[in-house]
Amino acid sequence: MDPFVEEILELVGTALRQAGAAELPEGLARMIERPPDPAMGDYAMPCFTLAKALRKPPPAISSELAAVIGERLTGSRLLSGVVAAGPYLNFRVNTAAMAGLTVPAILDGSYFGRNRERQGDDTTAEKVMVEYSQPNTHKAFHVGHMRNVALGDALVRILEYDGRQVVAANYIGDVGTHIARCLWYYENHREELPPQYHEPPGEEHPEERGEWLGMLYTAAVQKITGSEEQVRLHYDREVSRVLQALESREGEVFALWEQTRAWSLEAFGEIYRWLGARFDHVFYESDMDRLGRQMVDDGLAAGVFVHSQGAVGTDMEEHGLGFFLVLKGDGTTLYATKDLALARIKFEQFGIARSIYVVGAEQKLHFRQVFKSLELLGFSQATLCHHLAYGLVVLPEGKMSSRQGNTIPFSQLRREVNDYIETNYMSAHREAGIGEDDGLWSAEEIQETTRRIAVAGIRYGMVKQDPARQIVFNLEDWLVSEGDTGTYLCYAYTRIQSVLRQVQQARGAEPDPAAPLEALTHENERALISDLHDFNRVARRAAENLAPHLVANAVFQLCKSFSRAYATCPVLRAETEELMAARLALFAATGRLLLEGLRMLGIEPPERM
RNA sequence: GCGUCCGUAGCUCAGCAGGAUAGAGCAUCGGAUUUCUAAUCCGACGGUCGCAGGUUCGAGUCCUGCCGGACGCGCCA
């Protein structure tokens, strides 16, 4: 626990006993909060709930406690003041003590292990699987899918920071009607497209073939849905034949499926590389068919599933979940069938203690049905499955719709973001030097820096918001450096690195964990120290609530505090040697923590920009 | 029709298991640079927290109802 809170509780506890309270109220620790204005104090305890036990009005209690505690405070190393403010008891911490507890710990790395202590003893860390991304092959990967990757990957990193062992899993949708439609169009109708689209992109751009398939799929859907009913039924029968040919797992269509599937996977790989997303294991929908079918049979035997209107499913009305279909009338499996199988495989083959699904909110009912079915099938781990639902990504002009052609596919997104950064920022480095070395930047550095800033902008924009809400994607808003953006975070980091480099150059000084931190007395330094101290608490809460946006908010707060301190507290021109050393240590620690926080969001900042 | 989620400043969003004058960013207006990157910092302007009840010493936060929006509700994934 926070040592400051611990000491406050200790002091309040003994003071209360002195005041004649028979027993301490439950959850006193949770009552400790932060005052709205730092000028009031660093920690506050409201005295409302004590009123009943002591039978006195809250303001009287707080001033009484302040008097008693104030006397005992002289011996405290951590706290420097206590004052009653109406019904509140406000504590001020000894800034040097707080700095002493955080700055050296960050610099030597021990700060980052703190959240990992949760496991204790000899037991191995809790193993949890985070399934995310789940792209469909033969479909285009667009901005909407980026939110999933940003969220899932951040969650993986946050849970790891908090001491869990995490298996990052992908689940590729490589079977289903959409693929049959794509291949049906490929075989019979692609000549109807403009000539340049008749054949897939060549060897020089293999990663573009995935999007080309997606375009065929869109064209197929348009052709089918745009036809007269008779024609449409005919097309549907043709598509159905393709689907059955695919499920037979042999023949010409199957070979085509293998080839085109590989194209899509290659395209996805390129996207994950660019974003820096990690996967430890990849599941394929095409592997889940057999086990899913078997589970349906078992469920039928057990009476969990029943035949209904020619298909198989279960009425979950008594649980408020409607009807859940697990096998189609023609005997083929559904997404649902395969999800039953996948859930089982995850626990049985990976020995996980928890299974998290990062999937859009529109599938909430589906997952509740899946989890309930598993429970009814006697699968005890059903309660350890959790669906992290998130809202849609929309454009400023409204919902994305592939029919209106206003989705933003990955390749277009990357191009536009890169162009924006290059013309607005990077061009300066190409034409003239910046900062300490006046040389031009190499093409490689410009390219890599551009990529990092682009990824920071997109990832930060995607994770900074509460997952439950819709997100409005606006490229320019997400990249402008003024304000709450990934660019701003990167800029703060590069400024810190720049200070460190220059102090090293000018004075040969390295950040020293033993620096005299008591020299840090400026209010902006105080605020920064407080943010450093607070970070692990936020990280813990983010992990427990599966809420990456809390980390994002904390990182932004940290950058704001740093920027304020940077503007008011120079290092090289500090008044004294002690102050310089202290600020150097403080900024170095800030940079180190910022880097860690950015990495939790999947952002790798550039060293300069 | 039923269910789930959302509704906070002109715009985009925070608000931590109810607590002090509701916070940021953008936009608008004004200021700061011979000094570690101004991709920055400071200030001003801007809110009956969708509406109405209820619980509570205290409600943006919990409960109920209504209004508005999004999504879902058997052979897509």
# chains A, B, ... in the order shown; residues from 1 in each chain; ligands from 1
$ residues_around --residues "region 596-609 of chain A" --least-positions-apart "3" --cutoff "9 Å" --atoms "only C-alpha atoms (C1' of nucleotides)" --output "short mmCIF file (atom, residue, chain, number, x, y, z; two decimals) with N, CA and C atoms (P, O5', C5', C4', C3', O3' and C1' of nucleotides), in the first residue's frame"
data_model
loop_
_atom_site.label_atom_id
_atom_site.label_comp_id
_atom_site.auth_asym_id
_atom_site.auth_seq_id
_atom_site.Cartn_x
_atom_site.Cartn_y
_atom_site.Cartn_z
N PHE A 112 9.30 -0.41 -11.00
CA PHE A 112 8.46 -1.13 -11.97
C PHE A 112 8.14 -2.55 -11.52
N ALA A 150 -5.31 -1.80 -30.88
CA ALA A 150 -4.74 -0.87 -29.92
C ALA A 150 -5.18 -1.23 -28.50
N LEU A 151 -6.46 -1.55 -28.36
CA LEU A 151 -7.00 -1.91 -27.05
C LEU A 151 -6.42 -3.22 -26.53
N ASP A 153 -3.74 -4.99 -27.49
CA ASP A 153 -2.30 -5.00 -27.26
C ASP A 153 -1.96 -4.21 -25.99
N ALA A 154 -2.64 -3.09 -25.77
CA ALA A 154 -2.40 -2.30 -24.56
C ALA A 154 -2.78 -3.11 -23.32
N LEU A 155 -3.89 -3.81 -23.42
CA LEU A 155 -4.34 -4.62 -22.29
C LEU A 155 -3.31 -5.70 -21.95
N VAL A 156 -2.78 -6.32 -22.97
CA VAL A 156 -1.73 -7.34 -22.77
C VAL A 156 -0.58 -6.74 -21.97
N ARG A 157 -0.13 -5.59 -22.41
CA ARG A 157 1.03 -4.97 -21.77
C ARG A 157 0.72 -4.49 -20.36
N ILE A 158 -0.47 -3.98 -20.16
CA ILE A 158 -0.86 -3.48 -18.83
C ILE A 158 -0.98 -4.63 -17.85
N GLU A 160 0.60 -7.44 -18.03
CA GLU A 160 1.95 -7.91 -17.76
C GLU A 160 2.65 -7.00 -16.76
N TYR A 161 2.47 -5.70 -16.93
CA TYR A 161 3.07 -4.75 -16.00
C TYR A 161 2.57 -5.05 -14.59
N LEU A 275 2.36 -1.60 -36.56
CA LEU A 275 1.82 -1.13 -35.28
C LEU A 275 2.65 -1.58 -34.10
N GLY A 276 3.43 -2.63 -34.29
CA GLY A 276 4.19 -3.17 -33.17
C GLY A 276 3.32 -4.00 -32.24
N ALA A 277 2.31 -4.67 -32.78
CA ALA A 277 1.44 -5.51 -31.96
C ALA A 277 2.01 -6.92 -31.86
N TYR A 425 5.94 18.20 -40.25
CA TYR A 425 7.04 18.20 -39.29
C TYR A 425 8.38 17.75 -39.84
N MET A 426 8.39 16.64 -40.54
CA MET A 426 9.66 16.04 -40.91
C MET A 426 10.41 16.80 -41.98
N HIS A 429 13.44 18.64 -40.90
CA HIS A 429 14.67 17.90 -40.64
C HIS A 429 15.39 17.51 -41.92
N ILE A 434 18.34 20.35 -36.72
CA ILE A 434 17.60 20.88 -35.59
C ILE A 434 18.32 20.48 -34.32
N ILE A 446 14.22 9.59 -40.65
CA ILE A 446 12.97 10.30 -40.93
C ILE A 446 11.82 9.30 -41.06
N GLU A 448 11.60 6.18 -39.89
CA GLU A 448 11.29 5.48 -38.64
C GLU A 448 10.62 6.43 -37.63
N THR A 449 11.08 7.68 -37.57
CA THR A 449 10.48 8.65 -36.67
C THR A 449 9.04 8.92 -37.08
N THR A 450 8.84 9.05 -38.38
CA THR A 450 7.47 9.25 -38.89
C THR A 450 6.58 8.10 -38.46
N ARG A 452 6.89 6.04 -35.95
CA ARG A 452 6.64 6.03 -34.51
C ARG A 452 5.61 7.08 -34.12
N ILE A 453 5.71 8.25 -34.70
CA ILE A 453 4.75 9.31 -34.37
C ILE A 453 3.36 8.94 -34.91
N VAL A 455 2.14 5.91 -35.38
CA VAL A 455 1.59 4.85 -34.55
C VAL A 455 1.16 5.42 -33.20
N ALA A 456 1.96 6.33 -32.66
CA ALA A 456 1.62 6.94 -31.37
C ALA A 456 0.29 7.67 -31.50
N GLY A 457 0.12 8.43 -32.59
CA GLY A 457 -1.11 9.19 -32.78
C GLY A 457 -2.32 8.29 -32.86
N ARG A 459 -2.59 4.95 -32.01
CA ARG A 459 -2.80 4.10 -30.84
C ARG A 459 -3.33 4.92 -29.66
N TYR A 460 -2.75 6.09 -29.45
CA TYR A 460 -3.20 6.90 -28.32
C TYR A 460 -4.65 7.34 -28.52
N VAL A 463 -6.92 4.40 -27.62
CA VAL A 463 -7.01 3.88 -26.25
C VAL A 463 -7.29 4.92 -25.19
N GLY A 486 -1.03 11.70 -29.22
CA GLY A 486 0.17 10.88 -29.15
C GLY A 486 1.41 11.69 -29.50
N LEU A 489 2.74 13.49 -26.49
CA LEU A 489 3.44 12.58 -25.58
C LEU A 489 4.86 12.31 -26.08
N CYS A 490 4.97 12.05 -27.38
CA CYS A 490 6.29 11.79 -27.95
C CYS A 490 7.19 13.01 -27.81
N TYR A 491 6.61 14.16 -28.03
CA TYR A 491 7.39 15.39 -27.95
C TYR A 491 7.94 15.60 -26.54
N TYR A 493 8.62 13.32 -24.43
CA TYR A 493 9.68 12.34 -24.22
C TYR A 493 10.99 12.80 -24.87
N THR A 494 10.88 13.29 -26.10
CA THR A 494 12.11 13.71 -26.80
C THR A 494 12.75 14.92 -26.14
N ARG A 495 11.95 15.76 -25.53
CA ARG A 495 12.52 16.92 -24.83
C ARG A 495 13.33 16.46 -23.63
N GLN A 497 14.80 13.55 -23.33
CA GLN A 497 16.02 12.93 -23.83
C GLN A 497 17.03 13.99 -24.25
N SER A 498 16.53 15.08 -24.81
CA SER A 498 17.40 16.15 -25.25
C SER A 498 18.11 16.80 -24.06
N PHE A 535 1.65 6.84 -10.27
CA PHE A 535 1.49 6.04 -11.49
C PHE A 535 1.15 4.57 -11.24
N ALA A 539 -1.91 2.27 -12.63
CA ALA A 539 -1.64 1.09 -13.45
C ALA A 539 -2.36 -0.12 -12.87
N PRO A 548 -7.50 0.31 -20.23
CA PRO A 548 -6.27 0.96 -20.71
C PRO A 548 -6.35 2.48 -20.73
N HIS A 549 -7.55 3.02 -20.85
CA HIS A 549 -7.63 4.48 -20.95
C HIS A 549 -7.17 5.17 -19.68
N VAL A 551 -4.50 4.34 -18.02
CA VAL A 551 -3.05 4.51 -18.21
C VAL A 551 -2.81 5.67 -19.17
N ALA A 552 -3.60 5.72 -20.23
CA ALA A 552 -3.44 6.80 -21.20
C ALA A 552 -3.62 8.16 -20.53
N ALA A 554 -3.20 8.89 -17.40
CA ALA A 554 -2.11 9.13 -16.46
C ALA A 554 -0.85 9.57 -17.21
N VAL A 555 -0.60 8.96 -18.36
CA VAL A 555 0.57 9.32 -19.15
C VAL A 555 0.45 10.76 -19.66
N GLY A 591 11.38 10.64 -17.59
CA GLY A 591 11.56 10.05 -18.91
C GLY A 591 11.45 8.53 -18.86
N ARG A 592 12.04 7.96 -17.84
CA ARG A 592 12.02 6.50 -17.71
C ARG A 592 10.59 6.00 -17.48
N LEU A 593 9.87 6.68 -16.61
CA LEU A 593 8.49 6.27 -16.33
C LEU A 593 7.59 6.52 -17.54
P U B 37 17.23 21.50 -26.45
"O5'" U B 37 15.79 22.20 -26.62
"C5'" U B 37 15.66 23.42 -27.32
"C4'" U B 37 14.45 23.30 -28.25
"C3'" U B 37 13.14 23.16 -27.50
"O3'" U B 37 12.27 24.19 -27.96
"C1'" U B 37 13.34 21.53 -29.23
P A B 39 8.04 24.04 -32.26
"O5'" A B 39 6.88 23.11 -31.67
"C5'" A B 39 5.52 23.49 -31.85
"C4'" A B 39 4.64 22.25 -31.72
"C3'" A B 39 4.80 21.59 -30.36
"O3'" A B 39 3.57 21.01 -29.95
"C1'" A B 39 5.49 20.10 -32.07
#
$ interface_residues --of "chain B" --to "chain A" --cutoff "6 Å" --atoms "only C-alpha atoms (C1' of nucleotides)" --output "list of chain:residue names"
B:G25, B:C36, B:A39, B:C41, B:C71, B:G74, B:C75
$ write_last_selection --atoms "N, CA, C and O atoms (P, O5', C5', C4', C3', O3' and C1' of nucleotides)" --output "tab-separated table (two decimals), in the first residue's frame"
chain	number	residue	atom	x	y	z
B	25	G	P	-5.82	22.04	-21.34
B	25	G	O5'	-6.05	21.37	-22.77
B	25	G	C5'	-5.17	20.36	-23.23
B	25	G	C4'	-5.75	19.71	-24.46
B	25	G	C3'	-6.20	20.67	-25.55
B	25	G	O3'	-5.12	21.10	-26.35
B	25	G	C1'	-7.89	19.07	-25.17
B	36	C	P	17.41	27.16	-25.10
B	36	C	O5'	17.70	25.92	-24.16
B	36	C	C5'	18.97	25.29	-24.18
B	36	C	C4'	18.86	23.87	-23.74
B	36	C	C3'	17.72	23.04	-24.37
B	36	C	O3'	18.17	22.51	-25.60
B	36	C	C1'	17.97	22.57	-22.03
B	39	A	P	8.04	24.04	-32.26
B	39	A	O5'	6.88	23.11	-31.67
B	39	A	C5'	5.52	23.49	-31.85
B	39	A	C4'	4.64	22.25	-31.72
B	39	A	C3'	4.80	21.59	-30.36
B	39	A	O3'	3.57	21.01	-29.95
B	39	A	C1'	5.49	20.10	-32.07
B	41	C	P	2.30	22.51	-23.13
B	41	C	O5'	2.70	23.79	-22.26
B	41	C	C5'	3.66	23.69	-21.22
B	41	C	C4'	3.96	25.06	-20.68
B	41	C	C3'	2.74	25.86	-20.24
B	41	C	O3'	2.32	25.49	-18.95
B	41	C	C1'	4.12	27.22	-21.58
B	71	C	P	-26.50	1.60	-35.32
B	71	C	O5'	-26.29	0.32	-34.40
B	71	C	C5'	-24.98	-0.19	-34.18
B	71	C	C4'	-24.99	-1.18	-33.04
B	71	C	C3'	-25.87	-2.40	-33.23
B	71	C	O3'	-25.29	-3.37	-34.07
B	71	C	C1'	-26.17	-1.56	-31.05
B	74	G	P	-33.10	-13.19	-34.09
B	74	G	O5'	-32.63	-14.65	-34.41
B	74	G	C5'	-31.24	-14.96	-34.56
B	74	G	C4'	-31.18	-16.33	-35.14
B	74	G	C3'	-31.87	-16.45	-36.50
B	74	G	O3'	-30.88	-16.28	-37.50
B	74	G	C1'	-32.51	-18.23	-35.03
B	75	C	P	-31.32	-15.94	-39.01
B	75	C	O5'	-30.29	-16.60	-40.03
B	75	C	C5'	-28.94	-16.89	-39.67
B	75	C	C4'	-28.64	-18.35	-39.88
B	75	C	C3'	-28.64	-18.83	-41.33
B	75	C	O3'	-27.31	-18.90	-41.79
B	75	C	C1'	-29.66	-20.40	-39.82
$ select_by_dssp --residues "region 110-172 of chain A" --states "helix (DSSP H, G or I)" --output "number ranges by chain"
A: 110-119, 143-161
$ residues_around --residues "region 100-108 of chain A" --least-positions-apart "5" --cutoff "12 Å" --atoms "only C-alpha atoms (C1' of nucleotides)" --output "PyMOL selection string"
chain A and resi 2-4+77-78+94-95+113-114+510-520+525+528-536+582-596
$ residues_around --residues "G7 (chain B)" --least-positions-apart "2" --cutoff "9 Å" --atoms "only C-alpha atoms (C1' of nucleotides)" --output "VMD selection string"
chain B and resid 50 68 to 69
$ select_by_dssp --residues "region 274-441 of chain A" --states "strand (DSSP E or B)" --output "VMD selection string"
chain A and resid 281 to 284 306 to 308 311 to 315 323 to 327 333 354 to 360 385 to 390 393 to 395 398 409 434 437
$ residues_around --residues "region 53-55 of chain B" --least-positions-apart "6" --cutoff "10 Å" --atoms "only C-alpha atoms (C1' of nucleotides)" --output "PDB file with C-alpha atoms (C1' of nucleotides), in the first residue's frame"
ATOM      1  C1'   C B  62     -26.769   4.883  -6.796  1.00  0.00           C
ATOM      2  C1'   C B  63     -32.482   3.612  -7.842  1.00  0.00           C
ATOM      3  C1'   U B  64     -37.163   4.400 -10.841  1.00  0.00           C
ATOM      4  C1'   G B  65     -39.672   6.592 -14.958  1.00  0.00           C
TER       5        G B  65
END
$ residues_around --residues "Asp174 (chain A)" --least-positions-apart "2" --cutoff "6 Å" --atoms "only C-alpha atoms (C1' of nucleotides)" --output "CSV table (one decimal) with N, CA, C and O atoms, in the first residue's frame"
chain,number,residue,atom,x,y,z
A,137,THR,N,-10.1,-13.0,-43.0
A,137,THR,CA,-9.3,-13.0,-44.2
A,137,THR,C,-10.3,-12.7,-45.3
A,137,THR,O,-11.5,-12.7,-45.1
A,172,ILE,N,-8.1,-15.9,-36.2
A,172,ILE,CA,-8.3,-15.5,-37.6
A,172,ILE,C,-9.6,-16.1,-38.1
A,172,ILE,O,-9.8,-17.3,-38.1
A,285,GLU,N,-10.1,-20.1,-37.3
A,285,GLU,CA,-11.5,-20.6,-37.2
A,285,GLU,C,-11.6,-21.9,-37.9
A,285,GLU,O,-12.4,-22.8,-37.5
$ closest_residue --among "A:Thr521, A:Val239, A:Pro467, A:Ala527" --to "C6 (chain B)" --atoms "only C-alpha atoms (C1' of nucleotides)"
A:Pro467
$ residues_around --residues "A44 (chain B)" --least-positions-apart "3" --cutoff "12 Å" --atoms "only C-alpha atoms (C1' of nucleotides)" --output "number ranges by chain"
B: 28-31
$ write_last_selection --atoms "N, CA, C and O atoms (P, O5', C5', C4', C3', O3' and C1' of nucleotides)" --output "PDB file, in the first residue's frame"
ATOM      1  P     U B  28      -9.290  29.209 -33.911  1.00  0.00           P
ATOM      2  O5'   U B  28     -10.093  30.237 -32.994  1.00  0.00           O
ATOM      3  C5'   U B  28     -11.350  30.736 -33.419  1.00  0.00           C
ATOM      4  C4'   U B  28     -11.900  31.675 -32.380  1.00  0.00           C
ATOM      5  C3'   U B  28     -10.913  32.713 -31.859  1.00  0.00           C
ATOM      6  O3'   U B  28     -10.796  33.821 -32.734  1.00  0.00           O
ATOM      7  C1'   U B  28     -12.041  31.729 -30.034  1.00  0.00           C
ATOM      8  P     C B  29      -9.357  34.516 -32.894  1.00  0.00           P
ATOM      9  O5'   C B  29      -9.206  35.340 -31.538  1.00  0.00           O
ATOM     10  C5'   C B  29     -10.105  36.401 -31.231  1.00  0.00           C
ATOM     11  C4'   C B  29      -9.879  36.875 -29.827  1.00  0.00           C
ATOM     12  C3'   C B  29      -8.439  37.214 -29.461  1.00  0.00           C
ATOM     13  O3'   C B  29      -8.030  38.482 -29.946  1.00  0.00           O
ATOM     14  C1'   C B  29      -9.394  35.921 -27.729  1.00  0.00           C
ATOM     15  P     G B  30      -6.484  38.704 -30.300  1.00  0.00           P
ATOM     16  O5'   G B  30      -5.753  38.660 -28.883  1.00  0.00           O
ATOM     17  C5'   G B  30      -5.890  39.757 -27.993  1.00  0.00           C
ATOM     18  C4'   G B  30      -5.267  39.456 -26.657  1.00  0.00           C
ATOM     19  C3'   G B  30      -3.779  39.172 -26.633  1.00  0.00           C
ATOM     20  O3'   G B  30      -2.974  40.328 -26.794  1.00  0.00           O
ATOM     21  C1'   G B  30      -4.879  37.661 -25.197  1.00  0.00           C
ATOM     22  P     G B  31      -1.466  40.157 -27.310  1.00  0.00           P
ATOM     23  O5'   G B  31      -0.750  39.364 -26.123  1.00  0.00           O
ATOM     24  C5'   G B  31      -0.137  40.081 -25.072  1.00  0.00           C
ATOM     25  C4'   G B  31       0.348  39.144 -24.000  1.00  0.00           C
ATOM     26  C3'   G B  31       1.697  38.486 -24.222  1.00  0.00           C
ATOM     27  O3'   G B  31       2.778  39.374 -24.027  1.00  0.00           O
ATOM     28  C1'   G B  31       0.204  36.906 -23.354  1.00  0.00           C
TER      29        G B  31
END
$ atom_distance --atom1 "C1' of G46 (chain B)" --atom2 "C1' of A14 (chain B)"
17.3 Å
$ closest_residue --among "B:G3, B:G10, B:G60, B:G43" --to "A22 (chain B)" --atoms "only C-alpha atoms (C1' of nucleotides)"
B:G60
$ atom_distance --atom1 "CA of His205 (chain A)" --atom2 "CA of Trp441 (chain A)"
27.2 Å
$ decode --residues "region 45-65 of chain B" --atoms "N, CA, C and O atoms (P, O5', C5', C4', C3', O3' and C1' of nucleotides)" --output "compact mmCIF listing (two decimals), in the first residue's frame"
# COMPACT_ATOMS: atom_id res chain seq x y z
P C B 45 -12.94 34.20 -17.34
O5' C B 45 -13.73 33.95 -18.70
C5' C B 45 -14.24 35.05 -19.44
C4' C B 45 -14.68 34.59 -20.80
C3' C B 45 -15.67 33.43 -20.79
O3' C B 45 -16.99 33.87 -20.56
C1' C B 45 -13.97 33.02 -22.39
P G B 46 -17.84 33.26 -19.36
O5' G B 46 -18.32 31.85 -19.93
C5' G B 46 -19.15 31.80 -21.10
C4' G B 46 -18.96 30.49 -21.79
C3' G B 46 -19.35 29.27 -20.96
O3' G B 46 -20.74 29.02 -21.07
C1' G B 46 -17.25 28.90 -21.98
P G B 47 -21.63 29.11 -19.77
O5' G B 47 -21.85 27.60 -19.36
C5' G B 47 -22.37 26.63 -20.31
C4' G B 47 -22.55 25.32 -19.59
C3' G B 47 -23.44 25.37 -18.35
O3' G B 47 -24.75 24.97 -18.73
C1' G B 47 -21.47 24.03 -18.02
P U B 48 -25.98 25.97 -18.28
O5' U B 48 -26.62 25.45 -16.94
C5' U B 48 -25.99 24.52 -16.07
C4' U B 48 -26.97 24.24 -14.94
C3' U B 48 -27.57 22.86 -15.00
O3' U B 48 -26.67 21.94 -14.38
C1' U B 48 -29.28 24.42 -14.64
P C B 49 -26.88 20.44 -14.33
O5' C B 49 -26.19 20.05 -15.73
C5' C B 49 -26.71 19.01 -16.54
C4' C B 49 -25.57 18.10 -16.95
C3' C B 49 -25.85 16.64 -16.70
O3' C B 49 -25.66 15.96 -17.93
C1' C B 49 -23.73 17.29 -15.82
P G B 50 -26.54 14.68 -18.25
O5' G B 50 -27.81 15.24 -19.04
C5' G B 50 -27.68 16.30 -19.97
C4' G B 50 -29.01 16.48 -20.64
C3' G B 50 -30.18 16.56 -19.68
O3' G B 50 -30.38 17.89 -19.24
C1' G B 50 -30.64 14.96 -21.36
P C B 51 -30.81 18.14 -17.70
O5' C B 51 -32.36 17.78 -17.71
C5' C B 51 -33.28 18.50 -18.52
C4' C B 51 -34.65 17.88 -18.41
C3' C B 51 -35.14 17.64 -16.99
O3' C B 51 -35.69 18.81 -16.42
C1' C B 51 -35.50 15.70 -18.27
P A B 52 -35.64 18.99 -14.81
O5' A B 52 -36.62 17.85 -14.29
C5' A B 52 -38.00 17.92 -14.61
C4' A B 52 -38.73 16.75 -14.01
C3' A B 52 -38.41 16.45 -12.55
O3' A B 52 -39.09 17.34 -11.67
C1' A B 52 -38.44 14.43 -13.76
P G B 53 -38.68 17.32 -10.11
O5' G B 53 -39.50 16.09 -9.56
C5' G B 53 -39.08 15.45 -8.38
C4' G B 53 -39.61 14.04 -8.36
C3' G B 53 -38.99 13.21 -7.25
O3' G B 53 -39.65 13.43 -6.02
C1' G B 53 -38.77 12.04 -9.26
P G B 54 -38.75 13.80 -4.74
O5' G B 54 -38.13 12.39 -4.36
C5' G B 54 -39.00 11.28 -4.13
C4' G B 54 -38.21 9.99 -4.16
C3' G B 54 -37.08 9.88 -3.14
O3' G B 54 -37.56 9.57 -1.85
C1' G B 54 -36.35 9.06 -5.24
P U B 55 -36.78 10.07 -0.56
O5' U B 55 -35.50 9.12 -0.54
C5' U B 55 -35.65 7.72 -0.32
C4' U B 55 -34.29 7.05 -0.36
C3' U B 55 -33.23 7.70 0.52
O3' U B 55 -33.34 7.27 1.87
C1' U B 55 -32.33 7.28 -1.62
P U B 56 -33.29 8.36 3.05
O5' U B 56 -31.78 8.88 2.97
C5' U B 56 -30.71 7.98 3.25
C4' U B 56 -29.40 8.67 2.98
C3' U B 56 -29.22 10.03 3.65
O3' U B 56 -28.81 9.90 5.00
C1' U B 56 -28.53 10.14 1.37
P C B 57 -29.39 10.94 6.08
O5' C B 57 -28.67 12.32 5.74
C5' C B 57 -29.10 13.51 6.38
C4' C B 57 -28.09 14.60 6.12
C3' C B 57 -27.68 14.75 4.66
O3' C B 57 -28.59 15.54 3.95
C1' C B 57 -25.74 14.69 6.01
P G B 58 -29.09 15.08 2.51
O5' G B 58 -27.78 15.23 1.63
C5' G B 58 -27.29 16.53 1.32
C4' G B 58 -25.95 16.44 0.64
C3' G B 58 -25.94 15.63 -0.66
O3' G B 58 -26.36 16.43 -1.75
C1' G B 58 -24.12 14.99 0.71
P A B 59 -27.08 15.70 -3.00
O5' A B 59 -25.94 14.80 -3.65
C5' A B 59 -24.83 15.38 -4.34
C4' A B 59 -24.67 14.71 -5.69
C3' A B 59 -25.78 15.02 -6.68
O3' A B 59 -25.27 15.04 -8.00
C1' A B 59 -25.78 12.72 -6.23
P G B 60 -24.67 16.36 -8.61
O5' G B 60 -24.20 15.90 -10.06
C5' G B 60 -25.18 15.63 -11.05
C4' G B 60 -24.61 14.72 -12.10
C3' G B 60 -24.45 13.27 -11.65
O3' G B 60 -25.62 12.55 -11.92
C1' G B 60 -22.44 14.04 -12.64
P U B 61 -26.12 11.39 -10.91
O5' U B 61 -24.87 10.41 -10.76
C5' U B 61 -24.48 9.56 -11.86
C4' U B 61 -23.22 8.81 -11.46
C3' U B 61 -23.43 7.81 -10.33
O3' U B 61 -22.88 6.55 -10.68
C1' U B 61 -21.70 9.35 -9.77
P C B 62 -23.89 5.47 -11.33
O5' C B 62 -24.74 5.01 -10.06
C5' C B 62 -24.27 3.99 -9.20
C4' C B 62 -25.34 3.64 -8.19
C3' C B 62 -26.75 3.56 -8.75
O3' C B 62 -27.00 2.29 -9.32
C1' C B 62 -26.77 4.88 -6.80
P C B 63 -28.08 2.13 -10.49
O5' C B 63 -29.47 2.30 -9.72
C5' C B 63 -29.91 1.31 -8.79
C4' C B 63 -31.32 1.63 -8.35
C3' C B 63 -32.30 1.92 -9.48
O3' C B 63 -32.84 0.73 -10.01
C1' C B 63 -32.48 3.61 -7.84
P U B 64 -33.31 0.71 -11.55
O5' U B 64 -34.66 1.55 -11.51
C5' U B 64 -35.79 1.07 -10.79
C4' U B 64 -36.92 2.06 -10.90
C3' U B 64 -37.23 2.55 -12.31
O3' U B 64 -38.03 1.62 -13.03
C1' U B 64 -37.16 4.40 -10.84
P G B 65 -37.93 1.59 -14.64
O5' G B 65 -38.70 2.91 -15.06
C5' G B 65 -40.10 3.03 -14.84
C4' G B 65 -40.57 4.43 -15.15
C3' G B 65 -40.22 4.93 -16.55
O3' G B 65 -41.14 4.48 -17.53
C1' G B 65 -39.67 6.59 -14.96
